[in-house]
$ cat target.txt   # compact mmCIF, C-alpha atoms
# COMPACT_ATOMS: atom_id res chain seq x y z
CA MET P 22 -267.04 156.65 -26.47
CA LYS P 23 -265.04 155.66 -29.54
CA LYS P 24 -261.83 155.81 -27.48
CA LEU P 25 -263.35 153.63 -24.78
CA GLY P 26 -264.45 151.13 -27.41
CA LEU P 27 -260.95 151.02 -28.94
CA VAL P 28 -259.40 150.54 -25.51
CA ALA P 29 -261.83 147.73 -24.79
CA ILE P 30 -260.96 146.04 -28.07
CA LEU P 31 -257.21 146.35 -27.42
CA PHE P 32 -257.66 145.08 -23.87
CA GLY P 33 -259.66 142.10 -25.08
CA LEU P 34 -257.07 141.39 -27.77
CA GLY P 35 -254.30 141.52 -25.17
CA VAL P 36 -256.17 139.12 -22.91
CA PHE P 37 -256.68 136.76 -25.86
CA VAL P 38 -253.01 136.91 -26.87
CA PHE P 39 -251.87 135.80 -23.42
CA SER P 40 -254.62 133.21 -22.96
CA VAL P 41 -254.12 129.51 -23.73
CA PRO P 42 -256.29 129.61 -26.91
CA GLY P 43 -254.53 132.80 -27.99
CA LYS P 44 -251.06 131.31 -27.60
CA ALA P 45 -252.14 128.21 -29.53
CA PHE P 46 -253.56 130.39 -32.34
CA PHE P 47 -250.36 132.35 -32.74
CA ARG P 48 -248.24 129.17 -32.69
CA TYR P 49 -250.55 127.75 -35.37
CA SER P 50 -250.52 130.79 -37.65
CA TRP P 51 -247.12 132.41 -37.05
CA ASP P 52 -244.83 129.41 -37.53
CA PHE P 53 -242.99 129.81 -40.85
CA SER P 54 -240.03 127.44 -40.42
CA GLY P 55 -239.77 123.66 -40.60
CA PRO P 56 -238.89 121.46 -37.63
CA THR P 57 -235.27 121.30 -36.46
CA VAL P 58 -234.09 117.69 -36.74
CA ASN P 59 -230.99 115.89 -35.47
CA LEU P 60 -230.65 112.48 -37.10
CA GLU P 61 -228.17 109.72 -36.27
CA GLY P 62 -227.09 106.59 -38.10
CA ASP P 63 -225.73 107.67 -41.50
CA GLY P 64 -224.11 104.69 -43.25
CA LYS P 65 -224.68 102.28 -40.36
CA LEU P 66 -225.19 98.57 -40.81
CA PHE P 67 -228.33 96.97 -39.39
CA ALA P 68 -229.86 93.53 -39.12
CA ALA P 69 -233.57 92.82 -39.67
CA LYS P 70 -234.58 95.56 -37.22
CA VAL P 71 -233.41 99.07 -38.12
CA LEU P 72 -233.28 101.60 -35.27
CA ILE P 73 -232.54 105.21 -36.20
CA PRO P 74 -232.46 107.73 -33.33
CA PHE P 75 -233.63 111.28 -34.05
CA VAL P 76 -234.70 114.44 -32.23
CA ALA P 77 -237.29 116.75 -33.87
CA ARG P 78 -238.10 120.17 -32.36
CA ASP P 79 -240.76 122.73 -33.34
CA LYS P 80 -243.26 125.17 -31.80
CA ASN P 81 -246.08 122.92 -33.01
CA PRO P 82 -246.50 119.13 -32.92
CA VAL P 83 -244.23 117.35 -35.42
CA HIS P 84 -245.36 114.58 -37.76
CA LEU P 85 -243.18 112.25 -39.79
CA SER P 86 -243.70 110.61 -43.17
CA TYR P 87 -241.03 108.27 -44.57
CA PHE P 88 -240.28 105.59 -47.16
CA VAL P 89 -237.28 103.49 -48.17
CA ASP P 90 -235.65 103.69 -51.61
CA ASP P 91 -238.35 104.14 -54.25
CA LYS P 92 -240.95 102.01 -52.49
CA ILE P 93 -243.63 104.67 -52.26
CA HIS P 94 -246.23 102.06 -51.34
CA LEU P 95 -244.34 101.51 -48.09
CA THR P 96 -244.86 105.12 -47.01
CA LYS P 97 -245.84 105.37 -43.35
CA GLU P 98 -246.84 108.34 -41.25
CA LEU P 99 -246.35 108.89 -37.54
CA ARG P 100 -248.69 111.55 -36.19
CA SER P 101 -246.70 111.60 -32.96
CA PRO P 102 -243.11 110.74 -33.94
CA THR P 103 -241.00 108.94 -31.38
CA SER P 104 -237.28 108.24 -31.29
CA PRO P 105 -235.80 105.94 -32.37
CA LEU P 106 -237.55 105.28 -35.66
CA VAL P 107 -237.93 101.50 -35.98
CA LEU P 108 -238.12 99.79 -39.36
CA GLU P 109 -239.07 96.20 -38.74
CA GLY P 110 -240.56 93.63 -41.06
CA TRP P 111 -239.93 95.66 -44.20
CA ASP P 112 -239.11 93.59 -47.27
CA LEU P 113 -235.56 94.87 -47.75
CA GLU P 114 -232.83 92.92 -49.48
CA ASP P 115 -229.36 92.85 -47.92
CA GLY P 116 -227.31 95.78 -49.16
CA ARG P 117 -227.44 99.56 -49.33
CA HIS P 118 -230.66 101.54 -48.94
CA THR P 119 -231.80 105.14 -48.66
CA LEU P 120 -234.37 106.27 -46.13
CA HIS P 121 -236.38 109.36 -47.16
CA LEU P 122 -237.92 111.32 -44.28
CA THR P 123 -240.24 114.31 -44.20
CA PHE P 124 -240.83 116.03 -40.88
CA PHE P 125 -243.73 118.52 -41.00
CA ASP P 126 -245.27 120.61 -38.28
CA GLY P 127 -248.90 121.11 -37.35
CA SER P 128 -248.95 124.81 -38.17
CA LEU P 129 -251.22 126.61 -40.61
CA TRP P 130 -248.52 126.39 -43.27
CA GLY P 131 -247.45 122.76 -42.76
CA ASN P 132 -243.73 123.60 -42.84
CA GLU P 133 -241.52 120.69 -43.86
CA THR P 134 -237.96 119.48 -43.25
CA THR P 135 -236.82 116.72 -45.62
CA MET P 136 -233.80 114.47 -45.07
CA GLU P 137 -232.18 111.37 -46.53
CA LEU P 138 -230.27 108.72 -44.64
CA ALA P 139 -228.06 106.01 -46.16
CA PHE P 140 -227.89 102.66 -44.39
CA ARG P 141 -227.09 99.01 -45.05
CA THR P 142 -228.79 95.80 -44.02
CA ASP P 143 -227.41 92.33 -43.35
CA THR P 144 -229.96 89.74 -42.28
CA THR P 145 -227.81 86.65 -42.89
CA PRO P 146 -227.87 84.66 -39.62
CA LEU P 147 -224.59 84.25 -37.76
CA LYS P 148 -223.66 80.58 -37.37
CA LEU P 149 -221.05 79.15 -34.97
CA LEU P 150 -219.39 75.73 -34.89
CA SER P 151 -217.05 74.35 -32.22
CA VAL P 152 -213.85 72.94 -33.68
CA GLY P 153 -212.13 70.15 -31.78
CA ASP P 154 -213.11 67.90 -28.90
CA GLU P 155 -216.73 67.73 -27.78
CA ILE P 156 -215.55 68.03 -24.16
CA LEU P 157 -212.58 70.24 -23.24
CA TRP P 158 -210.31 68.78 -20.58
CA THR P 159 -208.60 71.25 -18.28
CA GLN P 160 -207.57 71.67 -14.66
CA GLN P 161 -207.64 74.22 -11.88
CA GLY P 162 -205.66 77.35 -12.76
CA GLU P 163 -205.30 76.51 -16.46
CA THR P 164 -206.08 78.40 -19.64
CA HIS P 165 -207.61 76.40 -22.48
CA PHE P 166 -208.14 77.34 -26.13
CA ALA P 167 -211.70 76.80 -27.35
CA TRP P 168 -211.81 77.12 -31.15
CA ILE P 169 -214.93 78.30 -32.95
CA LYS P 170 -215.60 78.72 -36.66
CA ALA P 171 -218.05 81.37 -37.88
CA ASN P 172 -219.70 81.80 -41.26
CA LYS P 173 -218.94 85.53 -41.31
CA GLU P 174 -216.83 88.15 -39.57
CA VAL P 175 -217.48 88.54 -35.85
CA VAL P 176 -216.96 91.91 -34.14
CA GLY P 177 -218.04 91.21 -30.56
CA GLY P 178 -218.55 88.42 -28.08
CA SER P 179 -218.65 87.34 -24.46
CA GLY P 180 -215.62 86.39 -22.44
CA SER P 181 -212.00 86.77 -23.51
CA TRP P 182 -211.57 85.91 -27.19
CA PHE P 183 -209.90 87.08 -30.38
CA GLU P 184 -209.98 86.33 -34.10
CA ALA P 185 -207.05 83.98 -34.74
CA ALA P 186 -207.69 83.86 -38.50
CA PRO P 187 -210.52 85.01 -40.78
CA ARG P 188 -213.74 83.56 -39.33
CA LEU P 189 -211.80 81.43 -36.83
CA LEU P 190 -212.22 82.51 -33.21
CA CYS P 191 -210.08 81.54 -30.24
CA SER P 192 -212.04 81.79 -27.00
CA LEU P 193 -210.00 81.51 -23.81
CA LEU P 194 -211.40 79.21 -21.15
CA MET P 195 -210.01 80.22 -17.76
CA VAL P 196 -210.42 77.96 -14.73
CA PRO P 197 -209.89 79.60 -11.30
CA ILE P 198 -207.50 77.78 -8.98
CA ASP P 199 -210.32 77.15 -6.49
CA GLU P 200 -212.84 75.85 -9.07
CA GLU P 201 -214.34 72.56 -7.88
CA PRO P 202 -213.40 69.58 -10.10
CA GLY P 203 -216.17 68.17 -12.27
CA MET P 204 -218.14 68.66 -15.48
CA ARG P 205 -219.10 72.22 -16.45
CA GLU P 206 -220.59 74.07 -19.37
CA ARG P 207 -220.58 77.67 -20.51
CA GLU P 208 -222.65 79.62 -23.01
CA LEU P 209 -220.95 82.14 -25.29
CA THR P 210 -222.64 84.81 -27.39
CA PHE P 211 -221.09 86.44 -30.46
CA TRP P 212 -222.39 89.03 -32.91
CA ASP P 213 -221.53 90.49 -36.30
CA GLU P 214 -221.32 94.14 -37.34
CA ALA P 215 -225.03 94.31 -38.11
CA GLY P 216 -225.98 92.96 -34.69
CA ASN P 217 -226.99 89.43 -35.73
CA ARG P 218 -226.30 87.23 -32.69
CA ALA P 219 -225.59 83.55 -32.15
CA LYS P 220 -224.95 81.42 -29.07
CA ILE P 221 -222.82 78.35 -28.57
CA VAL P 222 -222.57 76.03 -25.56
CA GLN P 223 -219.25 74.37 -24.67
CA ARG P 224 -218.70 71.58 -22.16
CA TYR P 225 -215.51 71.13 -20.18
CA LYS P 226 -214.25 68.96 -17.36
CA VAL P 227 -212.09 70.40 -14.58
CA ARG P 228 -209.40 68.22 -13.01
CA ARG P 229 -207.73 68.87 -9.68
CA TYR P 230 -204.41 70.72 -9.60
CA LYS P 231 -201.95 69.28 -7.10
CA LEU P 232 -201.20 72.16 -4.79
CA LYS P 233 -197.81 72.50 -3.18
CA GLN P 234 -196.91 74.04 0.14
CA GLY P 235 -194.71 77.10 0.37
CA LYS P 236 -193.37 78.15 3.76
CA VAL P 237 -192.60 81.83 4.35
CA ASN P 238 -191.50 83.36 7.64
CA LEU P 239 -192.44 86.99 8.19
CA GLY P 240 -190.33 89.13 10.49
CA GLN P 241 -190.66 92.61 11.93
CA ASN P 242 -188.18 93.90 9.37
CA LEU P 243 -190.66 93.11 6.54
CA PHE P 244 -193.54 94.69 8.46
CA GLN P 245 -191.50 97.82 9.03
CA LYS P 246 -190.59 97.98 5.33
CA LEU P 247 -194.31 97.85 4.48
CA GLY P 248 -195.21 100.35 7.17
CA VAL P 249 -197.59 97.96 8.97
CA SER P 250 -197.67 96.99 12.63
CA GLY P 251 -198.17 93.26 12.24
CA PHE P 252 -199.45 90.28 10.29
CA GLU P 253 -203.18 91.12 10.42
CA GLU P 254 -202.59 94.66 9.15
CA GLN P 255 -200.39 93.26 6.40
CA GLU P 256 -203.22 90.94 5.31
CA ARG P 257 -205.67 93.87 5.21
CA LEU P 258 -203.21 95.69 2.96
CA ARG P 259 -203.01 92.59 0.76
CA SER P 260 -206.80 92.53 0.41
CA GLU P 261 -206.86 96.22 -0.58
CA ASN P 262 -204.08 95.69 -3.14
CA ASN P 263 -205.82 92.64 -4.64
CA ALA P 264 -209.10 94.56 -4.89
CA PHE P 265 -207.30 97.28 -6.85
CA ILE P 266 -205.72 94.72 -9.19
CA GLY P 267 -209.15 93.17 -9.71
CA GLN P 268 -210.60 96.55 -10.70
CA VAL P 269 -207.82 97.15 -13.22
CA ALA P 270 -208.06 93.67 -14.75
CA ALA P 271 -211.87 93.78 -14.96
CA LYS P 272 -211.72 96.13 -17.94
CA VAL P 273 -211.82 94.31 -21.29
CA THR P 274 -210.08 96.38 -23.96
CA GLN P 275 -211.48 95.48 -27.37
CA GLU P 276 -208.27 96.33 -29.18
CA ARG P 277 -205.79 93.46 -29.33
CA TYR P 278 -202.20 94.48 -28.51
CA PHE P 279 -200.60 91.03 -28.26
CA ASP P 280 -199.24 88.68 -30.88
CA PRO P 281 -198.58 85.00 -29.99
CA PRO P 282 -196.46 83.63 -28.46
CA PHE P 283 -196.01 85.17 -24.98
CA LEU P 284 -192.56 85.31 -23.37
CA ILE P 285 -191.10 84.57 -19.94
CA PRO P 286 -190.27 88.12 -18.79
CA SER P 287 -186.89 87.39 -17.22
CA VAL P 288 -184.19 84.80 -16.81
CA GLY P 289 -183.80 83.36 -13.35
CA SER P 290 -184.56 80.37 -11.16
CA ARG P 291 -188.15 79.50 -10.25
CA THR P 292 -188.31 79.95 -6.50
CA SER P 293 -192.11 79.70 -6.13
CA ARG P 294 -194.63 78.28 -8.56
CA PHE P 295 -198.27 79.08 -9.19
CA GLY P 296 -200.88 77.67 -6.84
CA GLN P 297 -198.76 77.12 -3.74
CA ASN P 298 -200.49 77.29 -0.37
CA ARG P 299 -198.56 80.02 1.40
CA ILE P 300 -197.80 79.19 5.04
CA TYR P 301 -196.97 82.25 7.11
CA ASN P 302 -195.69 81.58 10.62
CA GLY P 303 -197.10 78.04 10.57
CA LYS P 304 -200.57 78.90 9.19
CA VAL P 305 -201.99 78.69 5.65
CA TRP P 306 -203.28 82.15 4.71
CA HIS P 307 -203.58 82.30 0.94
CA ARG P 308 -202.46 80.83 -2.36
CA HIS P 309 -199.57 82.16 -4.37
CA LEU P 310 -201.14 83.15 -7.70
CA ALA P 311 -197.91 83.93 -9.52
CA LEU P 312 -194.59 82.58 -10.73
CA ASP P 313 -191.52 83.82 -8.81
CA LEU P 314 -188.28 84.24 -10.75
CA ALA P 315 -185.09 85.08 -8.82
CA HIS P 316 -182.06 86.72 -10.45
CA THR P 317 -179.56 89.46 -9.75
CA ASP P 318 -180.48 92.85 -8.34
CA GLY P 319 -181.34 95.24 -11.18
CA ALA P 320 -181.81 92.52 -13.83
CA LYS P 321 -183.96 93.76 -16.73
CA ILE P 322 -187.58 92.55 -16.89
CA GLY P 323 -189.23 92.48 -20.32
CA ALA P 324 -192.90 92.70 -21.31
CA THR P 325 -194.33 89.24 -21.88
CA ASN P 326 -196.11 90.67 -24.95
CA GLY P 327 -197.22 93.93 -26.53
CA GLY P 328 -199.61 96.04 -24.52
CA LYS P 329 -200.39 99.26 -22.73
CA VAL P 330 -199.37 100.16 -19.19
CA ALA P 331 -202.55 100.00 -17.11
CA PHE P 332 -200.68 100.78 -13.90
CA ALA P 333 -197.11 101.65 -12.94
CA GLY P 334 -196.25 102.67 -9.39
CA PRO P 335 -196.00 101.56 -5.75
CA LEU P 336 -198.66 99.04 -4.69
CA GLY P 337 -198.41 97.98 -1.06
CA ILE P 338 -197.22 94.40 -0.63
CA TYR P 339 -196.33 94.22 -4.35
CA GLY P 340 -193.84 97.07 -4.07
CA ASN P 341 -193.02 98.86 -7.33
CA CYS P 342 -195.49 97.23 -9.69
CA VAL P 343 -196.36 97.24 -13.39
CA ILE P 344 -199.65 95.94 -14.83
CA LEU P 345 -199.87 95.59 -18.63
CA ASP P 346 -203.11 95.42 -20.58
CA HIS P 347 -202.62 93.15 -23.62
CA GLY P 348 -206.18 93.62 -24.86
CA ARG P 349 -209.17 91.27 -24.97
CA GLY P 350 -209.13 90.76 -21.20
CA ILE P 351 -205.50 89.57 -20.86
CA TYR P 352 -203.28 91.30 -18.26
CA SER P 353 -199.80 90.63 -16.87
CA LEU P 354 -198.42 91.82 -13.52
CA TYR P 355 -194.79 92.39 -12.49
CA ALA P 356 -194.11 93.05 -8.80
CA HIS P 357 -191.29 93.80 -6.28
CA ASN P 358 -189.32 95.79 -8.86
CA LYS P 359 -186.36 97.94 -7.89
CA ARG P 360 -187.08 100.55 -10.56
CA LEU P 361 -189.84 101.07 -13.14
CA LEU P 362 -188.96 101.95 -16.73
CA VAL P 363 -192.46 102.75 -18.04
CA ASN P 364 -195.31 105.11 -17.18
CA ASN P 365 -199.10 104.83 -17.04
CA GLY P 366 -200.74 104.76 -20.48
CA GLU P 367 -197.50 104.02 -22.33
CA SER P 368 -197.50 101.49 -25.19
CA VAL P 369 -194.89 98.73 -24.93
CA LYS P 370 -193.57 96.11 -27.33
CA LYS P 371 -193.01 92.43 -26.68
CA GLY P 372 -189.73 91.96 -24.79
CA GLN P 373 -189.28 95.68 -24.12
CA PRO P 374 -187.62 96.34 -20.71
CA ILE P 375 -190.30 97.67 -18.36
CA ALA P 376 -188.62 97.33 -14.95
CA GLU P 377 -185.54 96.24 -13.02
CA MET P 378 -185.71 93.32 -10.59
CA GLY P 379 -185.67 94.17 -6.90
CA ALA P 380 -187.10 93.37 -3.49
CA THR P 381 -189.64 96.14 -2.79
CA GLY P 382 -192.89 95.42 -0.96
CA LEU P 383 -193.38 92.10 0.84
CA ALA P 384 -190.24 90.45 -0.53
CA GLY P 385 -187.52 88.78 1.51
CA GLY P 386 -185.12 88.71 -1.43
CA VAL P 387 -184.57 89.91 -4.99
CA HIS P 388 -187.09 88.32 -7.36
CA LEU P 389 -189.90 88.97 -9.85
CA HIS P 390 -193.49 88.12 -8.89
CA PHE P 391 -195.12 87.46 -12.31
CA SER P 392 -198.87 86.93 -12.73
CA ILE P 393 -201.22 86.48 -15.69
CA LEU P 394 -204.92 87.39 -15.41
CA VAL P 395 -207.46 86.52 -18.11
CA GLY P 396 -210.97 87.89 -17.68
CA GLY P 397 -210.01 88.85 -14.12
CA VAL P 398 -208.99 85.24 -13.31
CA TYR P 399 -205.44 84.40 -12.20
CA VAL P 400 -204.06 81.58 -14.37
CA ASN P 401 -200.84 79.59 -14.30
CA PRO P 402 -198.25 81.76 -16.14
CA ASP P 403 -196.10 78.76 -17.11
CA GLN P 404 -199.04 76.85 -18.58
CA PHE P 405 -200.40 80.00 -20.27
CA ILE P 406 -197.07 80.69 -22.01
CA GLN P 407 -196.56 77.03 -22.96
CA LYS P 408 -200.04 77.01 -24.48
CA PHE P 409 -199.17 79.90 -26.78
CA ARG P 410 -195.81 78.33 -27.73
CA LYS P 411 -197.77 75.73 -29.71
CA TRP P 412 -199.81 78.48 -31.34
CA ASP P 413 -198.80 77.91 -34.97
CA ASP P 414 -199.47 74.16 -34.83
CA ASP P 415 -202.80 74.62 -33.04
CA LEU P 416 -203.91 77.32 -35.47
CA LYS P 417 -203.08 75.25 -38.57
CA LYS P 418 -204.83 72.20 -37.11
CA ARG P 419 -208.04 74.19 -36.46
CA GLN P 420 -207.93 75.91 -39.86
CA ASP P 421 -207.73 72.54 -41.59
CA ALA P 422 -210.57 71.05 -39.54
CA LYS P 423 -213.78 70.44 -41.47
$ encode --input "target.txt" --output "structure tokens"
Amino acid sequence: MKKLGLVAILFGLGVFVFSVPGKAFFRYSWDFSGPTVNLEGDGKLFAAKVLIPFVARDKNPVHLSYFVDDKIHLTKELRSPTSPLVLEGWDLEDGRHTLHLTFFDGSLWGNETTMELAFRTDTTPLKLLSVGDEILWTQQGETHFAWIKANKEVVGGSGSWFEAAPRLLCSLLMVPIDEEPGMRERELTFWDEAGNRAKIVQRYKVRRYKLKQGKVNLGQNLFQKLGVSGFEEQERLRSENNAFIGQVAAKVTQERYFDPPFLIPSVGSRTSRFGQNRIYNGKVWHRHLALDLAHTDGAKIGATNGGKVAFAGPLGIYGNCVILDHGRGIYSLYAHNKRLLVNNGESVKKGQPIAEMGATGLAGGVHLHFSILVGGVYVNPDQFIQKFRKWDDDLKKRQDAK
């Protein structure tokens, strides 16, 4: 009988151990270690709202108690901690602070894991002021400098822009060649390192660009060189190539590789200018969004400015092509080259030879097809380069503006 009683007790204990209440009891009483915590954000700079991501793991529910600096009266407890931890509305002065955190589990022993996190706060509002004309005058296909003064350092913003001088921003206003003339406005947002944001609205008026006609006759020899059967197939190839270029130029690299001014990449005569309506076999099919420079076969082509090679290789109608990323949304394209002198991902300096002039792709003669894209928009290369030639005078004028 005693053996049967002992067996019954052991059986009942086994059932209890594997039951829901039994499992909870053992988690509650046999947990001797504190929660495992992964915490992010050490040394970060925040604005008025502090967000600190964390992950806390334990067998039992985890609770969190925390305070900032020595302000014990600001202690708060989260019975069900969530990530991220949000500190909002706390009376913290701008500067460095220390967050003290205690994660403790809901076991019998109340095991704890304590941590400290250093952070900084900056709640000074970001303020922006347009410098220059109230209304910016521009025209189709042009790039315009919009100057903005800030009361503190800016680290991010919308559109294509860069810091021309401490707290002086140069935002590039790009007008597509097919933009309808008239009054426009755009809203730009900038932010500082802490995440304080400010918006500014700029007005501009677009004037019409006088488009010229450019007649080009396509023959079977050009189609054969491209490997297409006719004009319609050639146009489909053009669309595919332009879509690829658009994908490359859509990426905005935050690092700035260029230094004003920009350079004309090669000597030579201008055989086709930006914005021409291209007439193929008596019909207007598209606009020429580049500057064509003709010179001798094999003439060296230099980088218009410092940058990184975003693409180097054969590209359909553009033949052997190089696309340079100059940072902050500015790209340059060099097409119809005989030979390429750079590779994908390579860094280049201003004026460095990157290709030799040729007639590959849809080219009836030796020339360079040179394009500038800003924020994915084709702009007039001549006007873009001329704009940067006056860089020093423009910069000084804006720095001296009150």
$ closest_atom_pairs --input "target.txt" --of "stretch 166-235 of chain P" --to "stretch 65-79 of chain P" --cutoff "8 Å" --atoms "all atoms listed in the file" --output "JSON lines"
{"residue": "P:Glu214", "atom": "CA", "partner": "P:Leu66", "partner_atom": "CA", "distance": 6.8}
{"residue": "P:Ala215", "atom": "CA", "partner": "P:Phe67", "partner_atom": "CA", "distance": 4.4}
{"residue": "P:Gly216", "atom": "CA", "partner": "P:Ala68", "partner_atom": "CA", "distance": 5.9}
{"residue": "P:Asn217", "atom": "CA", "partner": "P:Ala68", "partner_atom": "CA", "distance": 6.0}
$ atom_distance --input "target.txt" --atom1 "atom CA of P:Ser54" --atom2 "atom CA of P:Ala139"
25.2 Å
$ closest_residue --input "target.txt" --among "P:His307, P:Arg229, P:His388, P:Lys246" --to "P:Ala320" --atoms "only C-alpha atoms"
P:His388
$ atom_distance --input "target.txt" --atom1 "atom CA of P:Val222" --atom2 "atom CA of P:Phe279"
26.7 Å
$ closest_residue --input "target.txt" --among "P:Asp415, P:Glu98, P:Asp313, P:Asp403" --to "P:Thr164" --atoms "only C-alpha atoms"
P:Asp403
$ residues_around --input "target.txt" --residues "stretch 292-294 of chain P" --least-positions-apart "5" --cutoff "9 Å" --atoms "all atoms listed in the file" --output "list of chain:residue names"
P:Lys233, P:Gly235, P:His309, P:Leu310, P:Ala311, P:Leu312, P:Asp313, P:Leu314, P:Ala315, P:His388, P:His390, P:Asn401, P:Asp403
$ residues_around --input "target.txt" --residues "stretch 201-210 of chain P" --least-positions-apart "4" --cutoff "10 Å" --atoms "only C-alpha atoms" --output "VMD selection string"
chain P and resid 149 156 to 161 177 to 180 192 194 196 to 197 218 to 230
$ closest_atom_pairs --input "target.txt" --of "stretch 212-283 of chain P" --to "stretch 405-410 of chain P" --cutoff "9 Å" --atoms "only C-alpha atoms" --output "CSV"
residue,atom,partner,partner_atom,distance
P:Pro281,CA,P:Phe409,CA,6.1
P:Pro282,CA,P:Phe409,CA,4.9
P:Phe283,CA,P:Ile406,CA,5.5
$ atom_distance --input "target.txt" --atom1 "atom CA of P:Ser86" --atom2 "atom CA of P:Phe124"
6.5 Å
$ closest_residue --input "target.txt" --among "P:Lys329, P:Lys359, P:Arg308, P:Arg277" --to "P:Leu232" --atoms "all atoms listed in the file"
P:Arg308
$ closest_residue --input "target.txt" --among "P:Ile322, P:Ile169, P:Glu256, P:Val175" --to "P:Leu190" --atoms "all atoms listed in the file"
P:Ile169
$ residues_near_point --input "target.txt" --point "(-194.6, 97.6, -9.0)" --cutoff "12 Å" --atoms "only C-alpha atoms" --output "ChimeraX atom specification"
/P:262,266,322,330-345,353-365,375-384,389-391
$ decode --input "target.txt" --residues "stretch 193-217 of chain P" --atoms "C-alpha atoms" --output "tab-separated table (two decimals), in the first residue's frame"
chain	number	residue	atom	x	y	z
P	193	LEU	CA	19.18	73.12	-56.50
P	194	LEU	CA	15.94	73.95	-58.28
P	195	MET	CA	15.64	71.80	-61.40
P	196	VAL	CA	13.02	72.55	-64.05
P	197	PRO	CA	12.22	69.71	-66.51
P	198	ILE	CA	12.34	70.67	-70.18
P	199	ASP	CA	8.62	69.90	-70.54
P	200	GLU	CA	7.51	71.86	-67.44
P	201	GLU	CA	4.63	74.18	-68.33
P	202	PRO	CA	5.53	77.90	-68.03
P	203	GLY	CA	3.98	79.77	-65.11
P	204	MET	CA	4.22	80.42	-61.38
P	205	ARG	CA	5.13	77.50	-59.11
P	206	GLU	CA	6.05	76.87	-55.52
P	207	ARG	CA	7.82	74.08	-53.69
P	208	GLU	CA	8.10	73.11	-50.04
P	209	LEU	CA	11.45	71.96	-48.65
P	210	THR	CA	12.06	70.23	-45.34
P	211	PHE	CA	15.40	70.19	-43.51
P	212	TRP	CA	16.48	68.71	-40.18
P	213	ASP	CA	19.37	68.88	-37.74
P	214	GLU	CA	21.27	66.03	-36.10
P	215	ALA	CA	18.78	65.79	-33.25
P	216	GLY	CA	15.83	65.50	-35.63
P	217	ASN	CA	14.40	69.01	-35.20
